[in-house]
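Engineer: Below is the structure I would like to discuss, written out as structure tokens.
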Amino acid sequence: MSYVDMEIASQPDCWRTAARLATSVVDRLPQPGERVAVVGCGTSWFMAMAYAARRERAGHGETDAFQASEFPAGRRYDRLIAITRSGTTTEVTDLLAALRGVLPTTVLVGDPAAPATDLADATVPLAFADERAVVQTRFATTALALLRAHLGDNIPALSADAEVAVRAPLPIDPAQIEQVTFLGRGWTVGLAHEAALKCREAATFWAEAYPAMDYRHGPISVAAPGRLVWAFGELPEGLAEDVAATGAAFVHSRTHGCRSVIGNWAAGRTPLDPMADLILAQRFAVTLATSRGLDPDAPRHLARSVVLA
């Protein structure tokens, strides 16, 4: 079993641990009404997108997400949250250094001894969710689970969904698929981007991601038999029927019990939380990799952290 397989399977326990930790780090996290920026790179950026949309929709305050290198200098915020597994990523450490004494910063980090912890005003250590794999899975989702717990989301219920997702059959056989497009709405747009990234990283597979409402504005043109559309969260009216008309397979856990147009999975099961659905997408990506003769622990051209000279 690969490291990434084991780390995917450990997510339910990590999320429960994150929920307990959230109660002890309240003073380091955004307070209601604060205007907040959340930054990261790659996977961490997509978790920032998900949290930002969820926090703002929950009424906790205006929240923006940025790739760390694209943070708008000079824009006013009450707090910045940085998500970084290694704590060494150049774009993140450069930003934290630039904001010292300018803006209160908190870093969610896998390695409490990393440089980012010395640069931030506060640290939330997530060493229990750090990973040996290059491809991120549990660290990113654990960071999001902690932030969701801080928003008041029911993490025990979410973890129960995750237990289902780590054991259930995949909703579709990856061997039947030559291309996949992931869709989301609101906070799940970030999850869709993350699912597509897992397929590209682990399996060098053609994977795209879009806001679900924008899918019919062009991207649907690549849908066809042998291709897959996988939606997270709320589904726009008529989208499933439009996908079916293309001949592509369709997976959507929230309203169809992960029903595909070419088969059924977990018929009648209570829909999974989209974060648990992301676990299925992670497993789909790893299965894609192994079916293509690739090692998901050795993704092409990637390292655990991007540190620039």
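Residues in the structure tokens are numbered from 1 in each chain, the chains being A, B, ... in the order shown, and ligands are numbered from 1 in the order shown.
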Using DSSP on the backbone coordinates, identify all residues within region 167-215 of chain A classified as helix (DSSP H, G or I); present the result as an NGL selection string.
Structural biologist: :A and (167 or 174-176 or 188-203 or 212-214)
Engineer: Considering only C-alpha atoms, tabulate each residue of region 198-289 of chain A that lies at most 10 Å from region 181-187 of chain A along with its nearest interatomic pair and the corresponding distance in Å to one decimal; arrange the rows by chain and ascending residue number and present them as a tab-separated table.
Structural biologist:
```
residue	atom	partner	partner_atom	distance
A:Trp206	CA	A:Thr181	CA	8.5
A:Ala207	CA	A:Thr181	CA	5.6
A:Glu208	CA	A:Thr181	CA	4.7
A:Ala209	CA	A:Phe182	CA	4.6
A:Tyr210	CA	A:Leu183	CA	5.2
A:Pro211	CA	A:Gly184	CA	5.1
A:Ala212	CA	A:Leu183	CA	4.9
A:Met213	CA	A:Arg185	CA	7.5
A:Asp214	CA	A:Leu183	CA	9.1
A:Tyr215	CA	A:Leu183	CA	7.7
A:Pro219	CA	A:Thr181	CA	8.7
A:Ile220	CA	A:Thr181	CA	9.0
A:Val222	CA	A:Thr181	CA	9.1
A:Ala223	CA	A:Thr181	CA	8.5
A:Arg227	CA	A:Thr181	CA	8.3
A:Leu228	CA	A:Thr181	CA	6.3
A:Val229	CA	A:Thr181	CA	4.9
A:Trp230	CA	A:Phe182	CA	4.8
A:Ala231	CA	A:Leu183	CA	4.5
A:Phe232	CA	A:Gly184	CA	4.9
A:Gly233	CA	A:Gly184	CA	6.2
A:Glu234	CA	A:Arg185	CA	6.2
A:Leu235	CA	A:Arg185	CA	7.6
A:Pro236	CA	A:Arg185	CA	8.6
A:Phe250	CA	A:Thr181	CA	9.7
A:Val251	CA	A:Phe182	CA	9.4
A:His252	CA	A:Leu183	CA	9.5
A:Pro274	CA	A:Gly184	CA	9.3
A:Ala281	CA	A:Phe182	CA	9.3
```
Engineer: From the options A:Val109, A:Met275, A:Ala9, A:Ala127, which residue's atoms come nearest to Tyr51 (chain A), counting only C-alpha atoms?
Structural biologist: A:Met275
Engineer: Between CA of Ala37 (chain A) and CA of Leu280 (chain A), what distance in Å does the model show, to one decimal?
Structural biologist: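 CA of Ala37 (chain A) sits 29.0 Å away from CA of Leu280 (chain A).
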Engineer: Between CA of Glu62 (chain A) and CA of Arg35 (chain A), what is the distance in Å, rounded to a tenth?
Structural biologist: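 We find that CA of Glu62 (chain A) and CA of Arg35 (chain A) lie 5.0 Å from each other.
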Engineer: For each of A:Pro174, A:Pro271, A:Gly110, A:Gly247, take the minimum atom-to-atom distance to Gln136 (chain A), counting only C-alpha atoms, then give the residue where this is smallest.
Structural biologist: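 Going through A:Pro174, A:Pro271, A:Gly110, A:Gly247 one by one, the smallest distance to Gln136 (chain A) is for A:Gly110.
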Engineer: What does the distance from CA of Pro72 (chain A) to CA of Leu308 (chain A) come to in Å, to one decimal?
Structural biologist: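 Distance between the two atoms: 20.7 Å.
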Engineer: Nearest to Asp64 (chain A): which of A:Val38, A:Leu147, A:Met47, A:Ile8 is it, counting only C-alpha atoms?
Structural biologist: A:Val38
Engineer: Can you write out as CSV which residues of region 185-265 of chain A fall within 10 Å of region 137-141 of chain A, alongside each residue's closest atom pair and its distance in Å to one decimal, counting only C-alpha atoms and ordering rows by chain and ascending residue number?
Structural biologist:
```
residue,atom,partner,partner_atom,distance
A:Leu191,CA,A:Thr141,CA,9.6
A:Glu194,CA,A:Thr137,CA,9.4
A:Ala195,CA,A:Thr137,CA,10.0
A:Lys198,CA,A:Thr137,CA,8.5
```
Engineer: Choose the residue, out of A:Leu151, A:Arg85, A:Met49, A:Ala129, that has the smallest atom-to-atom separation from Ala22 (chain A); count only C-alpha atoms.
Structural biologist: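 The answer is A:Leu151, which sits nearest to Ala22 (chain A).
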